[in-house]
$ cat target-v8.tsv   # TSV, C-alpha atoms
chain	number	residue	atom	x	y	z
P	1	MET	CA	51.95	67.09	-20.21
P	2	LYS	CA	53.00	68.42	-16.82
P	3	LYS	CA	51.98	71.90	-17.93
P	4	TYR	CA	48.45	70.70	-18.73
P	5	LEU	CA	48.11	68.89	-15.44
P	6	PHE	CA	49.43	71.90	-13.53
P	7	LEU	CA	46.96	74.36	-15.06
P	8	ILE	CA	44.03	71.91	-14.76
P	9	LEU	CA	44.93	71.61	-11.10
P	10	ILE	CA	44.81	75.42	-10.79
P	11	ILE	CA	41.33	75.47	-12.35
P	12	PHE	CA	40.19	72.70	-10.00
P	13	ILE	CA	41.55	74.59	-6.96
P	14	THR	CA	39.81	77.82	-8.03
P	15	TYR	CA	36.57	75.89	-8.39
P	16	LEU	CA	36.93	74.53	-4.86
P	17	THR	CA	37.77	78.01	-3.63
P	18	PHE	CA	34.98	79.92	-5.33
P	19	GLY	CA	32.48	77.03	-5.62
P	20	ARG	CA	31.21	77.96	-9.10
P	21	VAL	CA	31.24	75.21	-11.71
P	22	ASN	CA	29.35	77.50	-14.09
P	23	ASN	CA	32.56	79.53	-14.55
P	24	ILE	CA	34.24	76.64	-16.38
P	25	TYR	CA	33.92	76.61	-20.17
P	26	ILE	CA	35.38	75.21	-23.38
P	27	GLU	CA	36.06	77.60	-26.28
P	28	TYR	CA	37.28	77.30	-29.86
P	29	ASN	CA	39.40	80.09	-31.44
P	30	TYR	CA	40.34	80.50	-35.09
P	31	ASP	CA	42.93	83.08	-36.23
P	32	PHE	CA	42.76	83.50	-40.00
P	33	TRP	CA	44.68	86.72	-40.76
P	34	GLU	CA	47.72	88.54	-39.39
P	35	TYR	CA	49.74	91.56	-40.35
P	36	GLY	CA	53.34	92.07	-39.19
P	37	ASN	CA	55.81	93.13	-41.82
P	38	ASN	CA	53.34	91.92	-44.40
P	39	SER	CA	49.81	90.54	-44.67
P	40	THR	CA	49.51	86.82	-44.00
P	41	LEU	CA	46.61	84.40	-44.11
P	42	THR	CA	47.03	82.19	-41.07
P	43	ASN	CA	45.27	78.98	-40.24
P	44	ILE	CA	45.61	78.66	-36.47
P	45	HIS	CA	43.02	76.56	-34.64
P	46	SER	CA	42.97	76.65	-30.84
P	47	LEU	CA	40.90	74.79	-28.25
P	48	TYR	CA	40.85	76.02	-24.65
P	49	LEU	CA	39.51	74.90	-21.31
P	50	GLY	CA	38.90	78.08	-19.35
P	51	TYR	CA	37.88	79.38	-15.97
P	52	ASP	CA	36.20	82.76	-15.40
P	53	PHE	CA	36.84	83.97	-11.87
P	54	GLY	CA	33.46	85.75	-11.84
P	55	ASN	CA	33.59	88.70	-9.48
P	56	ILE	CA	37.30	89.13	-10.23
P	57	PRO	CA	37.93	90.29	-13.84
P	58	LEU	CA	40.35	87.45	-14.54
P	59	LYS	CA	40.27	84.44	-16.87
P	60	LEU	CA	42.61	81.45	-17.04
P	61	GLN	CA	42.72	79.25	-20.17
P	62	ILE	CA	44.75	76.16	-21.12
P	63	GLY	CA	44.65	74.26	-24.38
P	64	SER	CA	46.44	73.50	-27.60
P	65	GLN	CA	46.87	74.77	-31.12
P	66	ASN	CA	47.04	73.01	-34.52
P	67	ASP	CA	49.71	70.46	-33.69
P	68	LEU	CA	48.60	69.88	-30.12
P	69	GLN	CA	51.14	72.47	-29.06
P	70	PHE	CA	50.55	73.55	-25.46
P	71	SER	CA	49.02	77.00	-25.05
P	72	SER	CA	47.88	78.98	-22.01
P	73	ILE	CA	46.40	82.45	-21.53
P	74	ILE	CA	45.89	84.65	-18.48
P	75	SER	CA	43.69	87.67	-19.19
P	76	THR	CA	41.62	90.38	-17.65
P	77	PHE	CA	38.71	92.14	-19.33
P	78	ALA	CA	36.32	95.06	-19.33
P	79	SER	CA	33.03	95.47	-21.20
P	80	PHE	CA	31.82	98.55	-23.05
P	81	GLY	CA	28.37	97.63	-24.24
P	82	LYS	CA	28.83	94.84	-26.78
P	83	ILE	CA	32.58	95.41	-27.05
P	84	TYR	CA	34.96	93.50	-24.77
P	85	ILE	CA	38.49	94.68	-24.26
P	86	GLU	CA	40.72	91.82	-23.09
P	87	PRO	CA	44.43	92.41	-22.27
P	88	TYR	CA	46.27	89.08	-21.97
P	89	LEU	CA	49.56	87.27	-21.43
P	90	LYS	CA	49.91	84.18	-23.63
P	91	TYR	CA	52.41	81.34	-23.67
P	92	THR	CA	52.74	78.88	-26.53
P	93	SER	CA	56.31	78.22	-27.48
P	94	GLU	CA	57.14	81.71	-26.31
P	95	PHE	CA	55.50	84.49	-24.34
P	96	SER	CA	53.48	87.23	-25.99
P	97	LEU	CA	51.65	90.24	-24.56
P	98	GLY	CA	48.57	91.54	-26.28
P	99	ILE	CA	45.05	92.93	-26.22
P	100	LYS	CA	41.87	91.71	-27.92
P	101	MET	CA	38.86	93.74	-28.88
P	102	ASN	CA	35.89	91.36	-29.04
P	103	TYR	CA	32.58	92.05	-30.76
P	104	SER	CA	30.05	89.27	-30.92
P	105	HIS	CA	32.17	86.21	-31.90
P	106	PHE	CA	34.81	88.16	-33.81
P	107	TYR	CA	37.91	89.77	-32.41
P	108	LEU	CA	40.73	92.11	-33.42
P	109	ASN	CA	44.00	90.95	-31.88
P	110	TYR	CA	47.07	93.13	-31.31
P	111	TYR	CA	50.15	91.68	-29.58
P	112	LEU	CA	53.92	91.87	-29.10
P	113	ASN	CA	56.07	88.74	-29.38
P	114	LYS	CA	59.29	88.16	-27.44
P	115	ASN	CA	61.21	90.22	-29.99
P	116	LEU	CA	58.72	93.10	-29.42
P	117	LYS	CA	57.46	92.70	-32.96
P	118	GLN	CA	53.99	94.21	-33.36
P	119	ILE	CA	51.41	91.95	-34.94
P	120	LEU	CA	47.77	92.68	-35.76
P	121	GLY	CA	45.37	89.79	-36.35
P	122	ILE	CA	41.70	88.94	-36.93
P	123	GLY	CA	39.84	85.84	-35.80
P	124	PHE	CA	36.69	84.53	-34.19
P	125	ASN	CA	35.74	82.34	-31.25
P	126	ILE	CA	32.91	79.91	-30.70
P	127	PRO	CA	31.84	78.90	-27.16
P	128	LEU	CA	31.44	75.12	-27.29
P	129	LEU	CA	30.41	74.21	-23.77
P	130	LYS	CA	29.69	75.95	-20.53
P	131	PHE	CA	29.28	74.00	-17.32
P	132	GLY	CA	26.13	75.17	-15.57
P	133	LYS	CA	24.55	78.57	-15.82
P	134	ASP	CA	25.50	81.95	-14.47
P	135	ASP	CA	23.75	83.48	-11.49
P	136	ILE	CA	21.83	86.74	-11.81
P	137	SER	CA	22.31	89.53	-9.32
P	138	TYR	CA	20.19	92.07	-11.21
P	139	ILE	CA	18.87	92.98	-14.65
P	140	LYS	CA	19.77	96.25	-16.28
P	141	SER	CA	17.04	97.84	-18.40
P	142	GLU	CA	14.72	100.80	-18.58
P	143	ASN	CA	12.51	101.02	-15.50
P	144	HIS	CA	9.66	102.94	-17.14
P	145	ILE	CA	8.69	102.46	-20.79
P	146	LYS	CA	6.16	104.37	-22.86
P	147	ALA	CA	4.68	102.78	-25.97
P	148	THR	CA	1.81	103.18	-28.42
P	149	ALA	CA	-1.16	100.81	-28.61
P	150	GLY	CA	-0.87	98.24	-31.38
P	151	LYS	CA	2.88	98.72	-31.86
P	152	LYS	CA	5.57	96.09	-31.35
P	153	ILE	CA	7.41	96.55	-28.06
P	154	LYS	CA	11.01	95.41	-27.65
P	155	ILE	CA	12.81	95.68	-24.32
P	156	LYS	CA	16.55	95.14	-24.07
P	157	LEU	CA	17.59	93.33	-20.91
P	158	ILE	CA	21.14	92.85	-19.66
P	159	ALA	CA	21.54	90.22	-16.94
P	160	LYS	CA	24.41	90.81	-14.54
P	161	SER	CA	26.15	88.74	-11.89
P	162	GLU	CA	27.71	91.42	-9.71
P	163	ASN	CA	29.45	93.50	-12.39
P	164	PHE	CA	29.76	90.81	-15.05
P	165	PRO	CA	27.35	89.49	-17.70
P	166	SER	CA	25.24	86.45	-16.88
P	167	GLU	CA	25.50	84.16	-19.89
P	168	ASN	CA	23.22	81.28	-20.91
P	169	VAL	CA	20.52	82.21	-18.36
P	170	ASP	CA	16.83	81.36	-18.90
P	171	ILE	CA	14.60	84.44	-18.75
P	172	TYR	CA	10.82	84.38	-18.25
P	173	TYR	CA	8.28	87.18	-18.00
P	174	ASN	CA	4.62	87.89	-17.42
P	175	ILE	CA	2.34	90.90	-17.75
P	176	ASN	CA	0.28	92.06	-14.77
P	177	ASP	CA	0.92	88.78	-12.94
P	178	GLY	CA	-0.68	86.80	-15.77
P	179	LYS	CA	0.55	83.76	-17.63
P	180	LYS	CA	4.33	83.33	-17.60
P	181	PHE	CA	6.14	83.23	-20.96
P	182	TYR	CA	9.64	82.00	-21.85
P	183	ALA	CA	11.77	84.77	-23.37
P	184	GLY	CA	14.92	82.76	-24.10
P	185	LYS	CA	18.54	82.56	-22.98
P	186	THR	CA	20.96	85.44	-22.51
P	187	ASN	CA	23.91	85.67	-24.89
P	188	ALA	CA	27.60	85.96	-24.04
P	189	PHE	CA	27.04	89.59	-23.06
P	190	GLY	CA	24.15	88.74	-20.75
P	191	GLU	CA	21.76	90.32	-23.24
P	192	ILE	CA	18.34	89.27	-24.38
P	193	GLU	CA	15.68	91.16	-26.32
P	194	LEU	CA	12.24	90.80	-24.82
P	195	ILE	CA	9.51	91.05	-27.49
P	196	LEU	CA	6.11	91.52	-25.88
P	197	PRO	CA	2.80	90.43	-27.38
P	198	ILE	CA	1.15	93.41	-29.07
P	199	ILE	CA	-0.96	95.35	-26.57
P	200	TYR	CA	-4.03	97.15	-27.93
P	201	LYS	CA	-5.63	98.57	-24.79
P	202	THR	CA	-4.21	101.69	-23.16
P	203	GLY	CA	-3.24	101.77	-19.51
P	204	ASN	CA	-0.41	100.96	-17.14
P	205	TYR	CA	1.07	97.48	-17.24
P	206	LYS	CA	3.58	95.75	-14.99
P	207	ILE	CA	6.20	93.58	-16.69
P	208	ASN	CA	7.70	91.04	-14.29
P	209	ILE	CA	11.05	89.48	-15.25
P	210	PHE	CA	11.98	86.09	-13.80
P	211	ASN	CA	14.96	83.77	-13.68
P	212	GLY	CA	13.17	80.49	-13.09
P	213	GLU	CA	10.78	81.21	-10.23
P	214	ASN	CA	12.80	84.16	-8.92
P	215	LEU	CA	11.44	87.63	-9.63
P	216	ILE	CA	14.44	89.68	-10.72
P	217	LYS	CA	12.95	92.94	-12.01
P	218	GLN	CA	9.71	94.85	-12.57
P	219	ILE	CA	9.25	97.29	-15.44
P	220	SER	CA	6.43	99.81	-15.63
P	221	LEU	CA	4.86	100.04	-19.10
P	222	ASP	CA	2.50	102.85	-20.11
P	223	ILE	CA	0.47	102.22	-23.28
P	224	TYR	CA	-0.85	105.37	-24.95
P	225	PRO	CA	-3.46	105.66	-27.71
P	226	ASP	CA	-2.49	105.46	-31.35
P	227	GLU	CA	-3.22	108.41	-33.64
P	228	PRO	CA	-6.82	109.70	-34.00
P	229	TYR	CA	-9.00	107.46	-36.13
P	230	LYS	CA	-12.65	108.03	-35.24
P	231	VAL	CA	-14.71	110.89	-33.80
P	232	ASN	CA	-18.06	110.59	-32.02
P	233	ILE	CA	-20.17	113.63	-31.19
P	234	ASP	CA	-23.28	114.02	-29.04
P	235	PHE	CA	-25.81	116.83	-29.13
P	236	ASN	CA	-27.91	118.35	-26.38
P	237	LYS	CA	-31.03	116.83	-28.02
P	238	ASP	CA	-31.67	113.18	-28.82
P	239	ILE	CA	-34.41	114.03	-31.31
P	240	ILE	CA	-35.59	117.09	-33.20
P	241	PHE	CA	-38.96	117.86	-34.80
P	242	THR	CA	-40.19	118.74	-38.25
P	243	ASP	CA	-41.39	122.20	-39.17
P	244	ASN	CA	-38.99	123.85	-36.68
P	245	GLN	CA	-35.69	125.64	-37.03
P	246	GLU	CA	-33.55	123.59	-34.64
P	247	ILE	CA	-30.45	124.60	-32.70
P	248	LEU	CA	-28.16	121.72	-31.76
P	249	LYS	CA	-25.31	122.25	-29.34
P	250	ILE	CA	-22.36	119.84	-29.42
P	251	ARG	CA	-22.16	118.75	-25.82
P	252	ASN	CA	-19.67	115.86	-26.00
P	253	ILE	CA	-16.78	115.10	-28.35
P	254	ARG	CA	-14.97	111.78	-28.09
P	255	VAL	CA	-11.94	110.86	-30.16
P	256	PHE	CA	-10.72	107.26	-30.50
P	257	ASP	CA	-7.82	105.47	-32.09
P	258	LYS	CA	-8.41	102.45	-34.35
P	259	TYR	CA	-8.37	100.16	-31.30
P	260	SER	CA	-11.23	102.10	-29.63
P	261	ASN	CA	-8.97	103.76	-27.06
P	262	MET	CA	-10.20	107.21	-26.12
P	263	ILE	CA	-7.76	110.05	-26.82
P	264	LYS	CA	-7.76	112.95	-24.39
P	265	ASN	CA	-6.29	116.45	-24.48
P	266	ILE	CA	-6.87	117.01	-28.18
P	267	ASP	CA	-7.02	120.10	-30.34
P	268	ILE	CA	-10.08	119.68	-32.57
P	269	GLN	CA	-11.58	121.96	-35.19
P	270	PHE	CA	-14.78	121.26	-37.14
P	271	ILE	CA	-14.38	121.94	-40.86
P	272	ASN	CA	-17.63	120.97	-42.55
P	273	PHE	CA	-21.18	119.71	-41.87
P	274	LYS	CA	-23.73	118.39	-44.37
P	275	PHE	CA	-26.63	115.93	-44.53
P	276	LEU	CA	-26.09	112.99	-46.88
P	277	GLY	CA	-28.74	112.71	-49.60
P	278	ASP	CA	-30.68	115.72	-48.33
P	279	TYR	CA	-29.34	119.18	-49.01
P	280	LYS	CA	-30.10	121.39	-46.09
P	281	LYS	CA	-28.44	124.59	-45.04
P	282	ILE	CA	-26.43	124.27	-41.82
P	283	LYS	CA	-24.97	127.18	-39.92
P	284	TYR	CA	-22.15	126.37	-37.51
P	285	SER	CA	-20.92	128.62	-34.72
P	286	TYR	CA	-17.31	128.07	-33.67
P	287	LEU	CA	-17.83	130.15	-30.55
P	288	ASP	CA	-20.18	127.76	-28.76
P	289	ASN	CA	-20.15	124.66	-31.04
P	290	THR	CA	-23.76	125.01	-32.15
P	291	LEU	CA	-25.51	124.04	-35.38
P	292	ILE	CA	-28.56	125.89	-36.70
P	293	LEU	CA	-30.64	123.66	-38.98
P	294	ASP	CA	-33.32	124.70	-41.45
P	295	PRO	CA	-36.71	123.01	-40.81
P	296	PHE	CA	-37.24	119.41	-41.90
P	297	LYS	CA	-40.44	118.60	-43.76
P	298	LYS	CA	-40.42	114.86	-43.19
P	299	SER	CA	-39.56	112.67	-40.23
P	300	GLY	CA	-36.84	110.01	-40.46
P	301	MET	CA	-33.21	109.19	-39.72
P	302	TYR	CA	-30.79	111.64	-41.31
P	303	ASN	CA	-27.02	111.10	-41.56
P	304	LEU	CA	-25.06	114.21	-40.64
P	305	TYR	CA	-21.61	114.08	-42.25
P	306	PHE	CA	-18.84	116.08	-40.61
P	307	GLU	CA	-15.14	116.71	-41.11
P	308	VAL	CA	-12.70	117.65	-38.37
P	309	ASN	CA	-9.05	118.60	-38.00
P	310	ILE	CA	-7.50	116.85	-34.98
P	311	ASN	CA	-3.92	117.78	-34.18
P	312	GLY	CA	-3.33	118.42	-37.89
P	313	LYS	CA	-5.02	115.21	-39.10
P	314	TYR	CA	-8.29	115.35	-41.08
P	315	ILE	CA	-10.95	112.82	-40.08
P	316	ASN	CA	-14.59	112.47	-41.13
P	317	GLY	CA	-17.52	110.91	-39.35
P	318	ILE	CA	-21.27	110.48	-39.43
P	319	LYS	CA	-23.79	111.29	-36.72
P	320	THR	CA	-27.35	110.01	-37.17
P	321	ILE	CA	-30.04	112.61	-36.39
P	322	THR	CA	-33.51	111.41	-35.44
P	323	VAL	CA	-36.28	113.68	-36.77
P	324	LYS	CA	-39.84	113.18	-35.50
P	325	ASN	CA	-43.02	114.71	-36.77
P	326	ASN	CA	-43.99	117.79	-34.82
P	327	PRO	CA	-46.87	117.28	-32.36
P	328	LYS	CA	-48.35	120.60	-33.48
P	329	ASP	CA	-48.80	119.08	-36.96
P	330	ILE	CA	-51.12	116.25	-35.85
P	331	GLU	CA	-54.10	116.18	-38.17
P	332	LYS	CA	-56.01	113.25	-36.71
P	333	ILE	CA	-55.70	110.03	-34.69
P	334	GLU	CA	-57.28	106.76	-35.79
P	335	PHE	CA	-57.84	103.59	-33.77
P	336	ASP	CA	-60.58	101.01	-33.08
P	337	ILE	CA	-61.68	99.03	-30.03
P	338	THR	CA	-63.35	95.70	-30.88
P	339	TYR	CA	-65.45	93.43	-28.65
P	340	LEU	CA	-64.12	89.84	-28.88
P	341	GLY	CA	-66.60	88.04	-26.62
P	342	LYS	CA	-67.14	86.82	-23.09
P	343	GLU	CA	-64.64	84.97	-20.95
P	344	GLY	CA	-66.27	83.93	-17.70
P	345	ASN	CA	-67.43	87.09	-15.94
P	346	TYR	CA	-65.39	89.29	-18.25
P	347	ALA	CA	-65.97	91.01	-21.56
P	348	VAL	CA	-62.84	90.85	-23.70
P	349	PHE	CA	-61.79	93.70	-26.02
P	350	GLU	CA	-58.97	94.41	-28.43
P	351	ILE	CA	-57.54	97.80	-29.34
P	352	LYS	CA	-55.58	98.52	-32.48
P	353	LYS	CA	-52.58	100.73	-31.94
P	354	PRO	CA	-53.47	104.38	-32.40
P	355	ASN	CA	-52.31	105.74	-35.74
P	356	ILE	CA	-51.34	109.41	-35.74
P	357	ILE	CA	-51.69	111.13	-39.11
P	358	PHE	CA	-49.78	114.37	-39.66
P	359	LEU	CA	-50.31	117.33	-41.97
P	360	ASN	CA	-47.39	116.19	-44.16
P	361	SER	CA	-49.30	112.92	-44.83
P	362	GLN	CA	-46.90	110.84	-42.75
P	363	ASN	CA	-48.26	108.61	-40.03
P	364	GLU	CA	-46.93	106.87	-36.92
P	365	TYR	CA	-48.31	104.06	-34.78
P	366	ILE	CA	-47.72	104.66	-31.09
P	367	ASP	CA	-47.51	102.51	-27.96
P	368	ASN	CA	-47.92	105.31	-25.46
P	369	PHE	CA	-51.63	105.18	-24.72
P	370	PHE	CA	-53.94	104.26	-21.78
P	371	ILE	CA	-57.57	103.12	-21.53
P	372	TYR	CA	-60.00	104.14	-18.78
P	373	TYR	CA	-63.42	102.66	-18.03
P	374	LYS	CA	-65.64	104.49	-15.57
P	375	ASN	CA	-62.56	106.57	-14.56
P	376	LYS	CA	-60.49	103.48	-13.76
P	377	LYS	CA	-57.30	102.65	-15.64
P	378	ILE	CA	-57.48	99.29	-17.43
P	379	LEU	CA	-54.62	96.80	-17.71
P	380	ILE	CA	-53.68	96.16	-21.36
P	381	LYS	CA	-51.74	93.07	-22.41
P	382	ASN	CA	-50.87	92.35	-26.05
P	383	ASN	CA	-53.38	95.04	-27.05
P	384	ARG	CA	-56.20	93.19	-25.25
P	385	PHE	CA	-58.04	94.00	-22.02
P	386	LYS	CA	-60.93	92.69	-19.91
P	387	ILE	CA	-63.88	94.38	-18.24
P	388	SER	CA	-65.66	92.69	-15.30
P	389	ILE	CA	-69.44	92.31	-15.88
P	390	ASN	CA	-72.46	91.35	-13.78
P	391	ASP	CA	-75.51	89.35	-14.75
P	392	ASN	CA	-76.87	92.42	-16.52
P	393	PHE	CA	-74.64	92.57	-19.56
P	394	PRO	CA	-74.62	96.17	-20.94
P	395	ASN	CA	-75.41	96.90	-24.56
P	396	GLU	CA	-72.53	99.35	-24.88
P	397	PHE	CA	-69.23	100.26	-23.30
P	398	ILE	CA	-67.74	103.77	-23.30
P	399	PHE	CA	-63.94	103.99	-23.03
P	400	ASP	CA	-61.70	107.00	-22.60
P	401	THR	CA	-58.40	106.54	-24.43
P	402	GLU	CA	-55.51	108.79	-23.45
P	403	ILE	CA	-53.04	109.39	-26.29
P	404	LYS	CA	-49.53	110.72	-25.55
P	405	TYR	CA	-47.05	111.86	-28.18
P	406	TYR	CA	-44.17	113.86	-26.73
P	407	ASN	CA	-45.75	117.09	-25.44
P	408	TYR	CA	-49.10	116.23	-27.03
P	409	ASN	CA	-51.77	114.73	-24.76
P	410	SER	CA	-55.36	114.04	-25.74
P	411	ILE	CA	-58.27	111.91	-24.47
P	412	ILE	CA	-60.53	110.38	-27.11
P	413	GLN	CA	-63.80	108.70	-26.20
P	414	LYS	CA	-64.81	105.51	-27.94
P	415	LYS	CA	-68.20	103.78	-27.72
P	416	VAL	CA	-68.39	100.04	-28.34
P	417	ILE	CA	-71.88	98.62	-29.17
P	418	ILE	CA	-72.51	95.02	-28.11
P	419	ASN	CA	-74.82	93.06	-30.40
P	420	ASN	CA	-76.05	90.01	-28.43

$ encode --input "target-v8.tsv" --output "structure tokens"
Amino acid sequence: MKKYLFLILIIFITYLTFGRVNNIYIEYNYDFWEYGNNSTLTNIHSLYLGYDFGNIPLKLQIGSQNDLQFSSIISTFASFGKIYIEPYLKYTSEFSLGIKMNYSHFYLNYYLNKNLKQILGIGFNIPLLKFGKDDISYIKSENHIKATAGKKIKIKLIAKSENFPSENVDIYYNINDGKKFYAGKTNAFGEIELILPIIYKTGNYKINIFNGENLIKQISLDIYPDEPYKVNIDFNKDIIFTDNQEILKIRNIRVFDKYSNMIKNIDIQFINFKFLGDYKKIKYSYLDNTLILDPFKKSGMYNLYFEVNINGKYINGIKTITVKNNPKDIEKIEFDITYLGKEGNYAVFEIKKPNIIFLNSQNEYIDNFFIYYKNKKILIKNNRFKISINDNFPNEFIFDTEIKYYNYNSIIQKKVIINN
């Protein structure tokens, strides 16, 4: 009993000296196998009250074994990743000198008894209680991490107090000073694996690591695009015309991953071009990225299918080509202006949208037109317009209608007869 009281007093004095209650712990050990002269299944249960001196690699433990037999251990230790090497001096009923190699909660135990007999054993320990939490001096991890958009990101953190692991410490984090998340508690080795929410957008992110409200570390995270998924191309012309051999130059190529992140610095090679549902010969020049198209007979929206090789990966895409009827193929233009009646001192008229009829029998209604009366431009609203009149109401009105269709421009005169 005096031995227990003496060692408890030592632990109490060290606490007063170093002022760290979080270094006091209770631990359970179980030794289940030993090998000396022969293999033996042991059944040794031990319970220890211990004190970790913190900055000094020294631990003091007192406790008892199966039959409440007094036991005490003085040890030092060194860590090599997840492996702890712990030389010790132990006293139970006799002194023994040994060394433990700890991994997770298991250990390999080699020691010499008082007769210098060599014994090898295996057991495990379970931390039962730790008073308080360790401090953190710094966190060891990568400072700069590169990752791919849409992939799971795991960051291994090791919390240290001076040169020793910080166990049972709460770790928090946020991304770019956003909402703070709880990561969990560090294990006996001061380790914790930080699993970030999946990030889909490329860019540079700042990962802030906290212990409570204290910022302990910042990690720079660069998110890069995933592999090529989609290709968009632009031509030097937004529209082309029928009845012409057209030359289209690829002026812009944009490659995206499946999260719509643009991929830069790519090696791209066009493999094939064809129009879906409309066979048309296409000549492609690799020298200047140009397509030479045979003439179209009809206007419409045509889907240009293409295949590319990007960094060794084959991807296909579709570019919609707008084909308009050629202004040189205008056959005639039809429209009517109708007198609707009087409205105060105004005569009210309505114009039907001009209908352009082409040589290929297609037609197109247009909005690009203007009406002039006595050389003055008239305001048109919802295809209606007003003309100011005097007491002498004319029997007819003559309007000049200007029709514009791309590079085509024509003025057509319309006479409206008023039947009073």

$ residues_around --input "target-v8.tsv" --residues "Phe189 in chain P" --least-positions-apart "6" --cutoff "7 Å" --atoms "all atoms listed in the file" --output "short mmCIF file (atom, residue, chain, number, x, y, z; two decimals) with C-alpha atoms, in the coordinates of the input"
data_model
loop_
_atom_site.label_atom_id
_atom_site.label_comp_id
_atom_site.auth_asym_id
_atom_site.auth_seq_id
_atom_site.Cartn_x
_atom_site.Cartn_y
_atom_site.Cartn_z
CA LYS P 82 28.83 94.84 -26.78
CA PRO P 165 27.35 89.49 -17.70
CA GLU P 167 25.50 84.16 -19.89
#

$ residues_around --input "target-v8.tsv" --residues "range 325-328 of chain P" --least-positions-apart "2" --cutoff "8 Å" --atoms "all atoms listed in the file" --output "VMD selection string"
chain P and resid 241 to 243 298 to 299 323 330 358 405 to 408

$ atom_distance --input "target-v8.tsv" --atom1 "CA of Phe270 in chain P" --atom2 "CA of Ile223 in chain P"
28.1 Å

$ residues_around --input "target-v8.tsv" --residues "range 334-346 of chain P" --least-positions-apart "2" --cutoff "9 Å" --atoms "only C-alpha atoms" --output "list of chain:residue names"
P:Lys332, P:Val348, P:Phe349, P:Glu350, P:Ile351, P:Lys352, P:Lys353, P:Pro354, P:Asn355, P:Ile356, P:Ile357, P:Lys386, P:Ile387, P:Ser388, P:Ile389, P:Asn390, P:Asp391, P:Phe399, P:Lys414, P:Lys415, P:Val416, P:Ile417, P:Ile418

$ atom_distance --input "target-v8.tsv" --atom1 "CA of Ile253 in chain P" --atom2 "CA of Asp267 in chain P"
11.1 Å

$ axis_aligned_box --input "target-v8.tsv" --around "range 22-39 of chain P" --padding-each-side "4 Å" --output "AutoDock Vina command-line options"
--center_x 42.6 --center_y 84.2 --center_z -29.4 --size_x 34.5 --size_y 25.9 --size_z 38.6

$ residues_around --input "target-v8.tsv" --residues "range 146-157 of chain P" --least-positions-apart "2" --cutoff "6 Å" --atoms "only C-alpha atoms" --output "VMD selection string"
chain P and resid 140 to 141 191 to 196 198 to 200 221 to 226

$ atom_distance --input "target-v8.tsv" --atom1 "CA of Glu142 in chain P" --atom2 "CA of Tyr172 in chain P"
16.9 Å

$ residues_around --input "target-v8.tsv" --residues "Thr322 in chain P" --least-positions-apart "3" --cutoff "9 Å" --atoms "only C-alpha atoms" --output "list in words"
Asp238, Ile239, Ile240, Phe241, Ser299, Gly300, Met301, Tyr302 and Asn303 of chain P

$ closest_residue --input "target-v8.tsv" --among "P:Tyr138, P:Tyr229, P:Tyr372, P:Phe124" --to "Asn214 in chain P" --atoms "all atoms listed in the file"
P:Tyr138

$ closest_residue --input "target-v8.tsv" --among "P:Lys249, P:His105, P:Met262, P:Ile268" --to "Tyr284 in chain P" --atoms "all atoms listed in the file"
P:Lys249

$ closest_residue --input "target-v8.tsv" --among "P:Phe32, P:Leu291, P:Asn168, P:Glu227" --to "Ile266 in chain P" --atoms "all atoms listed in the file"
P:Glu227

$ build_atoms --input "target-v8.tsv" --residues "range 22-31 of chain P" --atoms "N, CA and C atoms" --output "short mmCIF file (atom, residue, chain, number, x, y, z; two decimals), keeping the file's coordinate frame"
data_model
loop_
_atom_site.label_atom_id
_atom_site.label_comp_id
_atom_site.auth_asym_id
_atom_site.auth_seq_id
_atom_site.Cartn_x
_atom_site.Cartn_y
_atom_site.Cartn_z
N ASN P 22 29.83 76.84 -12.90
CA ASN P 22 29.35 77.50 -14.09
C ASN P 22 30.37 78.46 -14.69
N ASN P 23 31.50 78.67 -14.01
CA ASN P 23 32.56 79.53 -14.55
C ASN P 23 33.52 78.76 -15.44
N ILE P 24 33.36 77.45 -15.56
CA ILE P 24 34.24 76.64 -16.38
C ILE P 24 33.62 76.49 -17.78
N TYR P 25 34.44 76.65 -18.81
CA TYR P 25 33.92 76.61 -20.17
C TYR P 25 34.97 76.05 -21.13
N ILE P 26 34.50 75.64 -22.31
CA ILE P 26 35.38 75.21 -23.38
C ILE P 26 35.10 76.11 -24.59
N GLU P 27 36.20 76.61 -25.21
CA GLU P 27 36.06 77.60 -26.28
C GLU P 27 37.00 77.27 -27.43
N TYR P 28 36.49 77.51 -28.65
CA TYR P 28 37.28 77.30 -29.86
C TYR P 28 37.63 78.65 -30.46
N ASN P 29 38.93 78.86 -30.80
CA ASN P 29 39.40 80.09 -31.44
C ASN P 29 39.98 79.76 -32.80
N TYR P 30 39.75 80.66 -33.76
CA TYR P 30 40.34 80.50 -35.09
C TYR P 30 40.92 81.84 -35.54
N ASP P 31 42.25 81.88 -35.71
CA ASP P 31 42.93 83.08 -36.23
C ASP P 31 43.21 82.87 -37.71
#
